[in-house]
Every structure is written in C-alpha cells, then in structure tokens.
$ cat input29.tsv   # TSV, C-alpha atoms
chain	number	residue	atom	x	y	z
Q	832	MET	CA	-8.50	-15.83	-3.38
Q	833	PHE	CA	-8.46	-13.73	-0.22
Q	834	ASN	CA	-9.85	-10.22	-0.47
Q	835	GLY	CA	-7.21	-9.01	2.05
Q	836	PHE	CA	-5.53	-8.01	4.37
Q	837	ILE	CA	-1.78	-8.76	4.83
Q	838	ASP	CA	0.74	-9.26	2.05
Q	839	SER	CA	4.03	-9.25	3.94
Q	840	PHE	CA	5.86	-7.72	6.89
Q	841	GLU	CA	9.27	-7.42	8.53
Q	842	MET	CA	10.08	-8.63	12.02
Q	843	LYS	CA	13.09	-7.06	13.70
Q	844	LEU	CA	15.33	-7.90	16.61
Q	845	GLY	CA	17.32	-4.85	17.70
Q	846	LYS	CA	20.93	-4.25	18.53
Q	847	ARG	CA	22.57	-5.93	21.50
Q	848	GLN	CA	19.81	-8.57	21.71
Q	849	PHE	CA	21.96	-11.39	20.37
Q	850	ASP	CA	25.53	-12.56	19.77
Q	851	ARG	CA	26.13	-11.46	16.19
Q	852	ASP	CA	28.96	-13.84	15.31
Q	853	LYS	CA	27.24	-16.87	16.80
Q	854	LEU	CA	24.05	-15.94	14.97
Q	855	TYR	CA	25.83	-15.67	11.62
Q	856	LYS	CA	27.52	-19.05	12.06
Q	857	GLY	CA	24.35	-20.64	13.46
Q	858	ILE	CA	22.16	-19.59	10.54
Q	859	ASN	CA	24.69	-20.86	8.00
Q	860	GLN	CA	25.03	-24.14	9.90
Q	861	LEU	CA	21.25	-24.58	9.90
Q	862	ILE	CA	21.18	-23.91	6.15
Q	863	ARG	CA	23.93	-26.48	5.64
Q	864	ASP	CA	22.11	-29.06	7.75
Q	865	MET	CA	18.98	-28.48	5.66
Q	866	GLY	CA	20.93	-29.46	2.56
Q	867	SER	CA	20.79	-25.96	1.08
Q	868	LYS	CA	23.60	-23.82	-0.30
Q	869	LYS	CA	21.81	-20.47	0.03
Q	870	PHE	CA	24.12	-19.20	2.74
Q	871	LEU	CA	24.22	-15.65	4.11
Q	872	HIS	CA	25.98	-13.38	1.64
Q	873	MET	CA	26.50	-9.65	1.29
Q	874	ASP	CA	23.63	-7.74	-0.26
Q	875	LYS	CA	25.75	-5.51	-2.49
Q	876	LYS	CA	22.82	-3.45	-3.74
Q	877	ARG	CA	21.76	-2.33	-0.26
Q	878	SER	CA	25.11	-2.30	1.57
Q	879	THR	CA	27.10	0.88	2.14
Q	880	VAL	CA	30.47	1.73	3.66
Q	881	SER	CA	28.87	2.26	7.07
Q	882	CYS	CA	26.11	-0.37	6.86
Q	883	LYS	CA	26.62	-3.93	5.64
Q	884	ARG	CA	23.74	-6.30	4.99
Q	885	TYR	CA	24.01	-10.09	4.75
Q	886	LYS	CA	20.96	-11.98	3.51
Q	887	THR	CA	19.64	-15.43	2.66
Q	888	THR	CA	16.50	-16.76	0.98
Q	889	ALA	CA	17.02	-20.31	2.22
Q	890	PHE	CA	13.74	-20.30	4.20
Q	891	TYR	CA	11.53	-18.93	1.41
Q	892	MET	CA	9.16	-21.89	1.18
Q	893	GLU	CA	8.49	-21.63	4.94
Q	894	GLY	CA	7.12	-18.12	4.39
Q	895	PHE	CA	10.35	-16.21	5.14
Q	896	THR	CA	11.27	-14.50	1.89
Q	897	GLU	CA	14.47	-13.00	3.26
Q	898	LEU	CA	16.51	-13.18	6.45
Q	899	THR	CA	19.03	-10.35	6.91
Q	900	ILE	CA	21.76	-9.47	9.39
Q	901	LYS	CA	22.36	-5.72	9.26
Q	902	ASP	CA	25.67	-4.41	10.64
Q	903	CYS	CA	25.85	-0.67	11.35
Q	904	LEU	CA	29.33	0.77	11.85
Q	905	ASN	CA	28.53	4.45	12.43
Q	906	GLU	CA	29.66	6.03	15.69
Q	907	GLY	CA	26.62	6.23	17.94
Q	908	ASN	CA	24.80	3.67	15.81
Q	909	HIS	CA	27.07	0.69	16.19
Q	910	GLY	CA	25.71	-2.82	16.34
Q	911	SER	CA	23.79	-5.48	14.47
Q	912	SER	CA	20.12	-6.21	13.95
Q	913	LEU	CA	18.28	-9.23	12.60
Q	914	ILE	CA	15.43	-8.68	10.13
Q	915	VAL	CA	13.10	-11.40	8.87
Q	916	ARG	CA	10.92	-10.60	5.86
Q	917	CYS	CA	7.74	-12.67	6.09
Q	918	ARG	CA	5.01	-13.60	3.61
Q	919	PRO	CA	2.83	-16.21	5.35
Q	920	ALA	CA	0.67	-16.97	2.29
Q	921	ILE	CA	3.63	-18.72	0.61
Q	922	LEU	CA	3.53	-21.36	3.33
Q	923	LEU	CA	-0.16	-21.37	4.26
Q	924	HIS	CA	-1.75	-21.00	0.79
Q	925	PRO	CA	0.83	-22.35	-1.66
Q	926	ASP	CA	-1.70	-23.14	-4.40
Q	927	ASP	CA	-3.14	-19.61	-4.60
Q	928	GLU	CA	-0.89	-17.15	-6.41
Q	929	TYR	CA	-3.18	-14.27	-5.39
Q	930	ALA	CA	-3.30	-15.25	-1.74
Q	931	LEU	CA	-3.07	-12.73	1.08
Q	932	SER	CA	-3.11	-13.58	4.78
Q	933	GLY	CA	-6.29	-13.34	6.84
Q	934	GLU	CA	-7.26	-13.34	10.49
Q	935	MET	CA	-7.13	-17.11	10.87
Q	936	ASP	CA	-3.56	-17.27	9.59
Q	937	TYR	CA	-2.01	-15.60	12.62
Q	938	LYS	CA	-1.64	-18.64	14.87
Q	939	PRO	CA	-0.32	-21.01	12.17
Q	940	PHE	CA	2.28	-18.44	11.18
Q	941	GLU	CA	3.26	-17.77	14.80
Q	942	ASN	CA	3.96	-21.50	15.08
Q	943	SER	CA	6.03	-21.39	11.90
Q	944	PHE	CA	8.01	-18.35	13.07
Q	945	ASN	CA	8.77	-19.92	16.43
Q	946	TRP	CA	9.79	-23.12	14.65
Q	947	LEU	CA	12.41	-21.17	12.69
Q	948	ILE	CA	13.72	-19.45	15.82
Q	949	ALA	CA	13.86	-22.74	17.74
Q	950	ASN	CA	15.95	-24.29	14.95
Q	951	ILE	CA	18.35	-21.33	14.91
Q	952	ASN	CA	18.61	-21.53	18.70
Q	953	ARG	CA	19.95	-25.08	18.43
Q	954	TYR	CA	23.23	-23.40	17.45
Q	955	MET	CA	22.97	-20.57	20.01
Q	956	ARG	CA	22.42	-22.34	23.31
Q	957	ASP	CA	24.31	-19.71	25.34
Q	958	SER	CA	22.43	-16.73	23.83
Q	959	PRO	CA	19.14	-17.91	22.29
Q	960	LEU	CA	16.88	-15.60	20.29
Q	961	PRO	CA	13.46	-14.75	21.77
Q	962	MET	CA	10.29	-16.26	20.37
Q	963	MET	CA	7.97	-14.10	18.25
Q	964	ASP	CA	6.50	-12.19	21.21
Q	965	GLY	CA	9.94	-10.68	21.82
Q	966	TRP	CA	10.22	-9.21	18.32
Q	967	GLU	CA	9.04	-5.90	16.89
Q	968	VAL	CA	7.35	-5.27	13.56
Q	969	ALA	CA	9.52	-2.92	11.48
Q	970	ARG	CA	7.23	-2.79	8.45
Q	971	MET	CA	3.72	-3.97	7.63
Q	972	ASP	CA	2.29	-4.27	4.12
Q	973	TYR	CA	-1.51	-4.20	4.11
Q	974	ALA	CA	-3.32	-5.07	0.87
Q	975	PHE	CA	-6.81	-5.55	-0.52
Q	976	GLN	CA	-7.77	-6.71	-3.98
Q	977	TYR	CA	-10.72	-7.51	-6.23
Q	978	PRO	CA	-11.32	-8.85	-9.75
Q	979	THR	CA	-12.81	-6.64	-12.45
Q	980	GLU	CA	-13.22	-6.66	-16.22
Q	981	LEU	CA	-12.80	-2.88	-16.15
Q	982	HIS	CA	-9.18	-3.17	-15.06
Q	983	THR	CA	-7.77	-1.12	-17.93
Q	984	GLN	CA	-10.14	1.81	-17.30
Q	985	THR	CA	-9.63	1.65	-13.54
Q	986	MET	CA	-5.87	1.72	-13.91
Q	987	MET	CA	-6.13	4.69	-16.31
Q	988	MET	CA	-8.21	6.67	-13.82
Q	989	MET	CA	-5.78	5.75	-11.03
Q	990	ARG	CA	-2.82	6.94	-13.07
Q	991	LYS	CA	-4.62	10.16	-13.91
Q	992	SER	CA	-5.61	10.73	-10.29
Q	993	SER	CA	-2.01	10.19	-9.20
Q	994	ARG	CA	-0.99	13.21	-11.29
Q	995	THR	CA	-3.99	15.45	-10.77
Q	996	LYS	CA	-3.43	15.56	-7.02
Q	997	ILE	CA	-6.15	16.85	-4.75
Q	998	SER	CA	-4.40	19.53	-2.70
Q	999	GLN	CA	-1.62	21.26	-4.58
Q	1000	PRO	CA	0.71	21.21	-7.61
Q	1001	ILE	CA	2.86	18.09	-7.77
Q	1002	TYR	CA	6.11	20.03	-7.68
Q	1003	GLU	CA	5.15	21.19	-4.18
Q	1004	ALA	CA	4.70	17.58	-3.10
Q	1005	ARG	CA	8.07	16.67	-4.58
Q	1006	LYS	CA	9.67	19.20	-2.24
Q	1007	ARG	CA	8.34	17.08	0.61
Q	1008	GLY	CA	10.00	13.95	-0.75
Q	1009	VAL	CA	6.96	12.40	-2.42
Q	1010	LYS	CA	7.88	10.48	-5.55
Q	1011	TRP	CA	5.43	9.33	-8.23
Q	1012	GLU	CA	6.16	6.45	-10.58
Q	1013	ARG	CA	3.53	5.56	-13.17
Q	1014	TYR	CA	3.54	2.44	-15.28
Q	1015	ARG	CA	0.96	0.85	-17.53
Q	1016	ASP	CA	-0.15	-1.59	-14.86
Q	1017	SER	CA	0.71	0.23	-11.63
Q	1018	VAL	CA	0.82	3.46	-9.69
Q	1019	TYR	CA	3.71	3.66	-7.25
Q	1020	ILE	CA	3.96	6.54	-4.79
Q	1021	ARG	CA	6.85	6.57	-2.36
Q	1022	LYS	CA	6.50	8.76	0.73
Q	1023	SER	CA	8.72	9.18	3.76
Q	1024	LYS	CA	6.52	7.08	6.06
Q	1025	CYS	CA	4.72	4.76	3.66
Q	1026	THR	CA	4.73	3.55	0.07
Q	1027	VAL	CA	1.53	3.19	-1.95
Q	1028	ASN	CA	1.51	0.54	-4.68
Q	1029	PHE	CA	-1.74	0.10	-6.61
Q	1030	TYR	CA	-1.29	-2.40	-9.42
Q	1031	ASP	CA	-2.70	-5.07	-11.71
Q	1032	LYS	CA	-1.73	-8.32	-10.00
Q	1033	THR	CA	-2.89	-10.46	-12.93
Q	1034	ALA	CA	-0.66	-8.52	-15.34
Q	1035	GLU	CA	2.24	-8.85	-12.90
Q	1036	LEU	CA	1.76	-12.62	-12.88
Q	1037	GLY	CA	1.61	-12.66	-16.69
Q	1038	LEU	CA	-1.78	-14.40	-16.77
Q	1039	GLU	CA	-4.36	-14.18	-19.56
Q	1040	ARG	CA	-7.96	-13.74	-18.42
Q	1041	SER	CA	-10.84	-11.34	-19.07
Q	1042	ASP	CA	-11.06	-10.05	-15.52
Q	1043	HIS	CA	-7.92	-8.93	-13.74
Q	1044	VAL	CA	-7.25	-8.72	-10.02
Q	1045	LEU	CA	-6.36	-5.19	-8.94
Q	1046	ARG	CA	-4.37	-4.98	-5.73
Q	1047	PHE	CA	-4.17	-1.95	-3.43
Q	1048	GLU	CA	-1.15	-2.21	-1.18
Q	1049	VAL	CA	0.19	0.19	1.43
Q	1050	GLN	CA	3.65	-0.51	2.80
Q	1051	CYS	CA	3.77	1.00	6.29
Q	1052	LYS	CA	7.31	1.82	7.35
Q	1053	SER	CA	8.47	2.03	10.97
Q	1054	ASP	CA	7.73	5.80	11.23
Q	1055	TYR	CA	4.17	5.18	10.02
Q	1056	LEU	CA	3.71	2.40	12.57
Q	1057	TYR	CA	5.08	4.57	15.40
Q	1058	ASN	CA	2.75	7.36	14.32
Q	1059	MET	CA	-0.24	5.00	14.63
Q	1060	LEU	CA	1.01	4.01	18.09
Q	1061	TYR	CA	1.36	7.68	19.08
Q	1062	LYS	CA	-2.18	8.46	17.89
Q	1063	GLY	CA	-3.61	5.48	19.77
Q	1064	ARG	CA	-4.70	3.56	16.68
Q	1065	VAL	CA	-2.77	0.54	17.99
Q	1066	LYS	CA	-1.82	-0.50	21.52
Q	1067	ASP	CA	1.64	-1.77	20.62
Q	1068	LEU	CA	3.79	-2.66	17.62
Q	1069	SER	CA	3.69	-6.41	18.12
Q	1070	LEU	CA	2.53	-8.56	15.22
Q	1071	ARG	CA	-0.61	-9.49	17.15
Q	1072	GLY	CA	-1.40	-5.81	17.66
Q	1073	LEU	CA	-1.02	-5.01	13.95
Q	1074	TRP	CA	-2.72	-8.16	12.67
Q	1075	ASN	CA	-6.09	-6.45	12.47
Q	1076	ARG	CA	-8.35	-6.40	9.42
Q	1077	GLU	CA	-10.21	-3.22	10.39
Q	1078	LEU	CA	-6.92	-1.41	10.90
Q	1079	ALA	CA	-5.65	-2.66	7.54
Q	1080	MET	CA	-8.86	-1.53	5.84
Q	1081	SER	CA	-8.62	1.97	7.31
Q	1082	VAL	CA	-4.99	2.31	6.20
Q	1083	VAL	CA	-5.61	1.18	2.62
Q	1084	LYS	CA	-8.87	3.09	2.21
Q	1085	GLY	CA	-7.22	6.20	3.61
Q	1086	GLN	CA	-4.60	6.12	0.87
Q	1087	ILE	CA	-7.19	5.42	-1.85
Q	1088	GLN	CA	-9.16	8.42	-0.61
Q	1089	LYS	CA	-6.08	10.64	-0.83
Q	1090	LEU	CA	-5.35	9.44	-4.34
Q	1091	MET	CA	-8.77	9.34	-5.99
Q	1092	GLY	CA	-11.41	10.38	-3.45
Q	1093	THR	CA	-14.30	8.17	-2.40
Q	1094	CYS	CA	-16.86	8.79	-5.16
Q	1095	ASP	CA	-17.50	6.74	-8.29
Q	1096	PHE	CA	-16.37	7.97	-11.69
Q	1097	CYS	CA	-19.05	9.03	-14.22
Q	1098	ASN	CA	-19.07	10.34	-17.76
Q	1099	GLU	CA	-20.20	13.93	-18.23
Q	1100	GLU	CA	-23.68	13.04	-19.48
Q	1101	HIS	CA	-24.52	10.74	-16.60
Q	1102	ALA	CA	-23.04	13.15	-14.07
Q	1103	MET	CA	-25.02	16.11	-15.43
Q	1104	ASN	CA	-28.26	14.09	-15.45
Q	1105	THR	CA	-27.68	13.37	-11.76
Q	1106	ILE	CA	-26.83	16.99	-11.07
Q	1107	GLU	CA	-29.91	18.30	-12.91
Q	1108	LYS	CA	-32.19	16.04	-10.85
Q	1109	ALA	CA	-30.53	16.88	-7.53
Q	1110	ALA	CA	-32.53	18.94	-5.11
Q	1111	GLY	CA	-31.29	22.23	-3.66
Q	1112	LEU	CA	-28.89	23.27	-6.43
Q	1113	ASN	CA	-29.11	26.67	-8.10
Q	1114	GLU	CA	-28.23	27.30	-11.76
Q	1115	TYR	CA	-24.84	28.77	-10.91
Q	1116	GLU	CA	-23.84	25.66	-8.98
Q	1117	LYS	CA	-24.97	23.40	-11.82
Q	1118	TYR	CA	-23.00	25.47	-14.30
Q	1119	LEU	CA	-19.87	25.41	-12.15
Q	1120	LEU	CA	-20.14	21.65	-11.67
Q	1121	GLY	CA	-20.56	21.10	-15.39
Q	1122	GLU	CA	-17.55	23.26	-16.23
Q	1123	MET	CA	-15.44	21.49	-13.63
Q	1124	LEU	CA	-16.30	18.00	-14.91
Q	1125	HIS	CA	-15.79	19.03	-18.54
Q	1126	TYR	CA	-12.43	20.54	-17.65
Q	1127	SER	CA	-11.31	17.39	-15.83
Q	1128	VAL	CA	-11.71	15.17	-18.91
Q	1129	GLY	CA	-8.75	16.77	-20.67
Q	1130	THR	CA	-6.53	17.28	-17.63
Q	1131	GLU	CA	-3.39	15.16	-17.81
Q	1132	VAL	CA	-0.58	17.29	-16.45
Q	1133	ASP	CA	1.68	17.61	-13.45
Q	1134	ARG	CA	-0.79	19.75	-11.52
Q	1135	GLU	CA	-4.08	18.93	-9.90
Q	1136	THR	CA	-7.38	19.69	-11.61
Q	1137	TRP	CA	-8.60	22.27	-9.13
Q	1138	TYR	CA	-5.37	24.24	-9.27
Q	1139	LEU	CA	-5.68	24.63	-13.04
Q	1140	PHE	CA	-9.43	25.10	-13.03
Q	1141	LEU	CA	-9.41	27.99	-10.58
Q	1142	ASN	CA	-6.57	29.68	-12.41
Q	1143	ASP	CA	-8.22	29.40	-15.82
Q	1144	TYR	CA	-11.78	30.17	-14.75
Q	1145	PHE	CA	-11.29	32.68	-11.95
Q	1146	ASN	CA	-11.83	35.65	-14.26
Q	1147	VAL	CA	-14.28	33.88	-16.57
Q	1148	ILE	CA	-16.93	32.82	-14.09
Q	1149	LYS	CA	-18.54	35.40	-11.82
Q	1150	LEU	CA	-17.80	33.87	-8.45
Q	1151	ASP	CA	-19.77	34.71	-5.34
Q	1152	SER	CA	-16.88	33.47	-3.23
Q	1153	LYS	CA	-13.13	33.62	-3.62
Q	1154	ASP	CA	-12.70	29.84	-3.73
Q	1155	PRO	CA	-15.74	27.64	-4.56
Q	1156	LYS	CA	-13.70	24.46	-4.14
Q	1157	ASP	CA	-15.17	23.24	-0.85
Q	1158	ARG	CA	-18.69	24.13	-1.88
Q	1159	VAL	CA	-18.52	22.16	-5.13
Q	1160	ARG	CA	-16.73	19.23	-3.52
Q	1161	ARG	CA	-19.48	18.88	-0.92
Q	1162	ILE	CA	-22.07	18.71	-3.69
Q	1163	LEU	CA	-20.12	16.12	-5.69
Q	1164	LYS	CA	-19.58	13.98	-2.61
Q	1165	ARG	CA	-23.28	14.11	-1.74
Q	1166	LEU	CA	-24.13	12.97	-5.27
Q	1167	ASN	CA	-21.34	10.32	-5.30
Q	1168	ILE	CA	-19.68	11.87	-8.36
Q	1169	ASN	CA	-15.89	11.92	-8.64
Q	1170	GLU	CA	-14.11	15.13	-9.59
Q	1171	LEU	CA	-12.55	13.40	-12.59
Q	1172	ALA	CA	-14.98	12.55	-15.39
Q	1173	ILE	CA	-14.76	9.49	-17.63
Q	1174	PRO	CA	-13.84	10.28	-21.27
Q	1175	LYS	CA	-16.79	9.99	-23.66
Q	1176	ARG	CA	-14.85	7.70	-26.02
Q	1177	TRP	CA	-14.87	4.96	-23.40
Q	1178	ARG	CA	-18.65	4.54	-23.88
Q	1179	LEU	CA	-18.90	3.85	-20.18
Q	1180	GLN	CA	-21.50	5.47	-17.98
Q	1181	MET	CA	-19.96	4.68	-14.60
Q	1182	LEU	CA	-16.79	3.21	-13.13
Q	1183	PRO	CA	-16.78	2.09	-9.48
Q	1184	ASN	CA	-14.21	3.71	-7.23
Q	1185	PRO	CA	-12.02	1.03	-5.60
Q	1186	TYR	CA	-12.74	2.77	-2.28
Q	1187	SER	CA	-16.30	1.45	-2.35
Q	1188	VAL	CA	-15.39	-2.00	-3.71
Q	1189	ILE	CA	-12.64	-3.33	-1.46
Q	1190	GLY	CA	-13.76	-5.06	1.67
Q	1191	MET	CA	-17.26	-5.79	0.36
Q	1192	GLU	CA	-16.56	-9.51	0.15
Q	1193	SER	CA	-16.35	-11.48	3.37
Q	1194	GLU	CA	-13.00	-12.99	4.23
Q	1195	PRO	CA	-13.01	-16.70	3.25
Q	1196	ASN	CA	-10.90	-17.86	6.19
Q	1197	GLY	CA	-12.39	-15.69	8.89
$ encode --input "input29.tsv" --output "structure tokens"
Amino acid sequence: MFNGFIDSFEMKLGKRQFDRDKLYKGINQLIRDMGSKKFLHMDKKRSTVSCKRYKTTAFYMEGFTELTIKDCLNEGNHGSSLIVRCRPAILLHPDDEYALSGEMDYKPFENSFNWLIANINRYMRDSPLPMMDGWEVARMDYAFQYPTELHTQTMMMMRKSSRTKISQPIYEARKRGVKWERYRDSVYIRKSKCTVNFYDKTAELGLERSDHVLRFEVQCKSDYLYNMLYKGRVKDLSLRGLWNRELAMSVVKGQIQKLMGTCDFCNEEHAMNTIEKAAGLNEYEKYLLGEMLHYSVGTEVDRETWYLFLNDYFNVIKLDSKDPKDRVRRILKRLNINELAIPKRWRLQMLPNPYSVIGMESEPNG
C-alpha cells in the first residue's frame, strides 16, 4: 500500500485543438473495435442547456476512469474540449485496492496515455491529437494515507475540528462559498479552488479489520493550479511538473494544518502535566491554557473554539491584553498540544495529529 501521493487527475485538451466531429466518431469506432458497447453518451447529470457533456468509461481498466467531450455553446465561449480523467493505480497496481501512484509510476503511465492517444489517432489521420506533452492538467488530486487502530477517534477529532474552525465563525466562511459536509467516516470541505476530502478508506471499501486506512485527499482545481504557477511553486502545469511528491505533501499538509493545526491531541490531564512542567510560564498563562483546553472539550457548535472562548471569558478572566489568542497559541505549539482536548471518557492520553504522521513512511516504489 502506497503512502501517497497521487490519486487521480484530469488531462485537458482545449478548444480548437481538434476536429470535434471526427473525434466523437473516432472514439466510438475505437470502442466498437475493442468489442465494447460503452459508447460516448450524454452525461445528463452534468449537462446544461449551454454546455453538453458526452462521456465514456470504456477505457477504465487502462487507468482512464472517464473520457469526456465537453461542448460549450455560449457566445464568447463556443467550442469543444476533451477531458480525460486518469487514475493510474487501476492499471499499474490492480491488486492493491488502497493503491496511490508514486514517483516511479510516471513513465509507465505516460506510455499508457500515449498508447490511448495513438489508438484514437488511427481514426483521425488528418487532425491527430497531440501526445501527453501537448496536454494540460485541469485538476490534480493529491492524497496521503496511513493505517491506524485509532481511526474512530481520529475521525471524531477531524469532524470536530471541521466545525470549530480556527479563524472565524463558520457562517462567515459560508459567505465565501465554503461548504462543509460531515459524515461518520469523512469530512468533506468544498472550496472555490480546491476540495478537501479526509475519509476512512477502509470503511469506504466496506472491509472489516482492526486498523483502518485514513486517507487525506486534496482535489486541486484549475484555479488552485494556476495560483501555484503564479506563486512560483511550479514551473508549468504539465503532468511532469505537477508529478512531485514534495509538492503533494505541502498541499495536503497545508490543508490538514488549516483544519486541525499541527499539534497532537491530548486529554486535559496529560496536557496540564506538560504545561505545569514547562519552563517560562507564569500562573496566569497556565490558568488560561487550562481554561481553554477545558472549554474545548465541550465545544461542538457552528463556531470556532476561540470565538466562543473569548466571548464567554472576556469579562471573567482579568486579561493583560485585549486578545491573548496568539500568545496562548504560541505556547501550545511549542508544547505540541492541540487546541482541542480529547474527552476524558475516551481513556486516551494522546492522539497523533495526521499532520505529523503522513509522509513518515518511505515510498515503496521510489
């Protein structure tokens, strides 16, 4: 089972780069010659009056989960594009249901992709499609995972963290188009530029085992990719440029940090023992830390812990500063204690933060 780093991605060929009608006929002819009946058909769920989508799953076992021709009919946005949804692990690691793609999978998949294009081009001799180097990545899904017997507790803390957001009340985030969806075995956060999906992969597969594999996936949309290009995090938006484990790690860890910080979760007793032994803390700071951690145990609402804490305690505690948030956070981070405490009833002293766990194992194929 690969620890990470690519789950799937979309390759796109833009408008006016191919003969649409010949492409449609050519793909269907190739499917027919393969002995399949999974021809291109309208995707009714995702088609609109001004944008029609025609898809096929005929090449699924070759690692292409969906091939789509998208026809846009709007004035000023008229034309067709070809989108290929790819999941290389289906082809390259068929016996591993948890498999993700690693560094050494790039070349084999490039060969597979070019094989598909070459076969389509047999029916498009006058206007052949370019090989993979001529395509652009429209979406990249980076993912890391690890097995743990504490999967239930980890998922509960993730769900709680997804509601007790770090910076502001959730209703403010909703104004910016951020949408939370919480399930028993997943936390799904859809943003304008990326989608975060942290979930129990073992539960999704319906498997029975003591330890479950937790997967942390970030689906980077085209705006997210262009933003990375603008900031110089990548040189280009080719698949080779985005097929980078360090880049994938920084993207996934960045979203984990936003959701649940970087520190491990502790129960109140263990956290206070650590705080009492810490050097350089005065009694007021210890008291404030204790109150904060105690308060966080019962917080399960649509507003972040600090927002409530400061409102409830502002007139109770004699503060020497208007907002002690940054001061207390620096102390907790130095002591590796998360802002959310573990409930006492769990009888668990510590719970590792996924931020510190993912990426610790070396990649088996690289």
$ residues_around --input "input29.tsv" --residues "Q:Met971" --least-positions-apart "5" --cutoff "9 Å" --atoms "all atoms listed in the file" --output "list in words"
Ile837, Asp838, Ser839, Phe840, Glu841, Val1049, Gln1050, Cys1051, Lys1052, Ser1053, Leu1056, Leu1070 and Leu1073 of chain Q
$ residues_around --input "input29.tsv" --residues "Q:Ser943" --least-positions-apart "4" --cutoff "9 Å" --atoms "all atoms listed in the file" --output "number ranges by chain"
Q: 893-894, 919, 922, 938-939, 947-948
$ atom_distance --input "input29.tsv" --atom1 "atom CA of Q:Lys843" --atom2 "atom CA of Q:Leu913"
5.7 Å
$ closest_residue --input "input29.tsv" --among "Q:Arg953, Q:Lys1084, Q:Arg1158, Q:Lys1108" --to "Q:Phe836" --atoms "all atoms listed in the file"
Q:Lys1084
$ closest_residue --input "input29.tsv" --among "Q:Glu1114, Q:Asp852, Q:Glu980, Q:Asp936" --to "Q:Tyr954" --atoms "all atoms listed in the file"
Q:Asp852
$ atom_distance --input "input29.tsv" --atom1 "atom CA of Q:Glu1077" --atom2 "atom CA of Q:Asp1095"
22.4 Å
$ atom_distance --input "input29.tsv" --atom1 "atom CA of Q:Asn1028" --atom2 "atom CA of Q:Phe1047"
6.3 Å
$ residues_around --input "input29.tsv" --residues "Q:Leu1112" --least-positions-apart "5" --cutoff "12 Å" --atoms "all atoms listed in the file" --output "number ranges by chain"
Q: 1105-1107, 1117-1120, 1158-1159, 1161-1163, 1165-1166
$ closest_residue --input "input29.tsv" --among "Q:Gln1086, Q:Leu898, Q:Met987, Q:Gln976" --to "Q:Phe944" --atoms "all atoms listed in the file"
Q:Leu898
$ closest_residue --input "input29.tsv" --among "Q:His1101, Q:His982, Q:Arg1071, Q:Lys1089" --to "Q:Ser1041" --atoms "only C-alpha atoms"
Q:His982
$ closest_residue --input "input29.tsv" --among "Q:Met989, Q:Leu981, Q:Leu1038, Q:Ala1079" --to "Q:Glu928" --atoms "only C-alpha atoms"
Q:Leu1038
$ closest_residue --input "input29.tsv" --among "Q:Asn1075, Q:Ser993, Q:Asn945, Q:Thr985" --to "Q:Cys1097" --atoms "all atoms listed in the file"
Q:Thr985
$ residues_around --input "input29.tsv" --residues "Q:Leu931" --least-positions-apart "2" --cutoff "8 Å" --atoms "all atoms listed in the file" --output "list in words"
Met832, Phe833, Asn834, Gly835, Phe836, Ile837, Asp838, Ala920, Tyr929, Gly933 and Ala974 of chain Q
$ closest_atom_pairs --input "input29.tsv" --of "stretch 1006-1099 of chain Q" --to "stretch 1169-1189 of chain Q" --cutoff "8 Å" --atoms "only C-alpha atoms" --output "Markdown table"
| residue | atom | partner | partner_atom | distance |
| --- | --- | --- | --- | --- |
| Q:Lys1084 | CA | Q:Tyr1186 | CA | 5.9 |
| Q:Ile1087 | CA | Q:Tyr1186 | CA | 6.2 |
| Q:Gln1088 | CA | Q:Tyr1186 | CA | 6.9 |
| Q:Met1091 | CA | Q:Asn1184 | CA | 7.9 |
| Q:Gly1092 | CA | Q:Asn1169 | CA | 7.0 |
| Q:Thr1093 | CA | Q:Tyr1186 | CA | 5.6 |
| Q:Cys1094 | CA | Q:Asn1169 | CA | 4.8 |
| Q:Asp1095 | CA | Q:Asn1184 | CA | 4.6 |
| Q:Phe1096 | CA | Q:Leu1182 | CA | 5.0 |
| Q:Cys1097 | CA | Q:Met1181 | CA | 4.5 |
| Q:Asn1098 | CA | Q:Ile1173 | CA | 4.4 |
| Q:Glu1099 | CA | Q:Ala1172 | CA | 6.1 |
$ residues_around --input "input29.tsv" --residues "Q:Leu854" --least-positions-apart "5" --cutoff "12 Å" --atoms "only C-alpha atoms" --output "list of chain:residue names"
Q:Leu844, Q:Gln848, Q:Phe849, Q:Asn859, Q:Gln860, Q:Leu861, Q:Leu871, Q:Tyr885, Q:Leu898, Q:Thr899, Q:Ile900, Q:Lys901, Q:Ser911, Q:Ser912, Q:Leu913, Q:Ile948, Q:Asn950, Q:Ile951, Q:Asn952, Q:Arg953, Q:Tyr954, Q:Met955, Q:Arg956, Q:Asp957, Q:Ser958, Q:Pro959, Q:Leu960
$ decode --input "input29.tsv" --residues "stretch 1040-1051 of chain Q" --atoms "N, CA and C atoms" --output "CSV table (one decimal), in the first residue's frame"
chain,number,residue,atom,x,y,z
Q,1040,ARG,N,-11.6,-4.9,9.5
Q,1040,ARG,CA,-10.2,-5.1,10.0
Q,1040,ARG,C,-10.1,-4.1,11.2
Q,1041,SER,N,-9.1,-4.5,12.1
Q,1041,SER,CA,-9.0,-3.7,13.3
Q,1041,SER,C,-8.4,-2.3,13.1
Q,1042,ASP,N,-7.4,-2.2,12.2
Q,1042,ASP,CA,-6.9,-0.9,11.8
Q,1042,ASP,C,-7.5,-0.5,10.5
Q,1043,HIS,N,-7.8,0.8,10.4
Q,1043,HIS,CA,-8.4,1.3,9.1
Q,1043,HIS,C,-7.4,2.3,8.5
Q,1044,VAL,N,-7.4,2.4,7.2
Q,1044,VAL,CA,-6.6,3.3,6.5
Q,1044,VAL,C,-7.3,4.6,6.3
Q,1045,LEU,N,-6.8,5.7,6.9
Q,1045,LEU,CA,-7.3,7.0,6.7
Q,1045,LEU,C,-6.6,7.8,5.6
Q,1046,ARG,N,-7.4,8.3,4.7
Q,1046,ARG,CA,-6.9,9.0,3.5
Q,1046,ARG,C,-7.1,10.5,3.6
Q,1047,PHE,N,-6.1,11.3,3.2
Q,1047,PHE,CA,-6.2,12.7,3.3
Q,1047,PHE,C,-6.0,13.2,1.8
Q,1048,GLU,N,-7.1,13.6,1.2
Q,1048,GLU,CA,-7.0,14.0,-0.2
Q,1048,GLU,C,-7.4,15.4,-0.4
Q,1049,VAL,N,-6.6,16.1,-1.3
Q,1049,VAL,CA,-6.9,17.5,-1.7
Q,1049,VAL,C,-7.1,17.5,-3.2
Q,1050,GLN,N,-8.2,17.9,-3.7
Q,1050,GLN,CA,-8.5,17.9,-5.1
Q,1050,GLN,C,-8.3,19.4,-5.5
Q,1051,CYS,N,-7.2,19.6,-6.2
Q,1051,CYS,CA,-6.8,20.9,-6.7
Q,1051,CYS,C,-7.4,21.2,-8.0
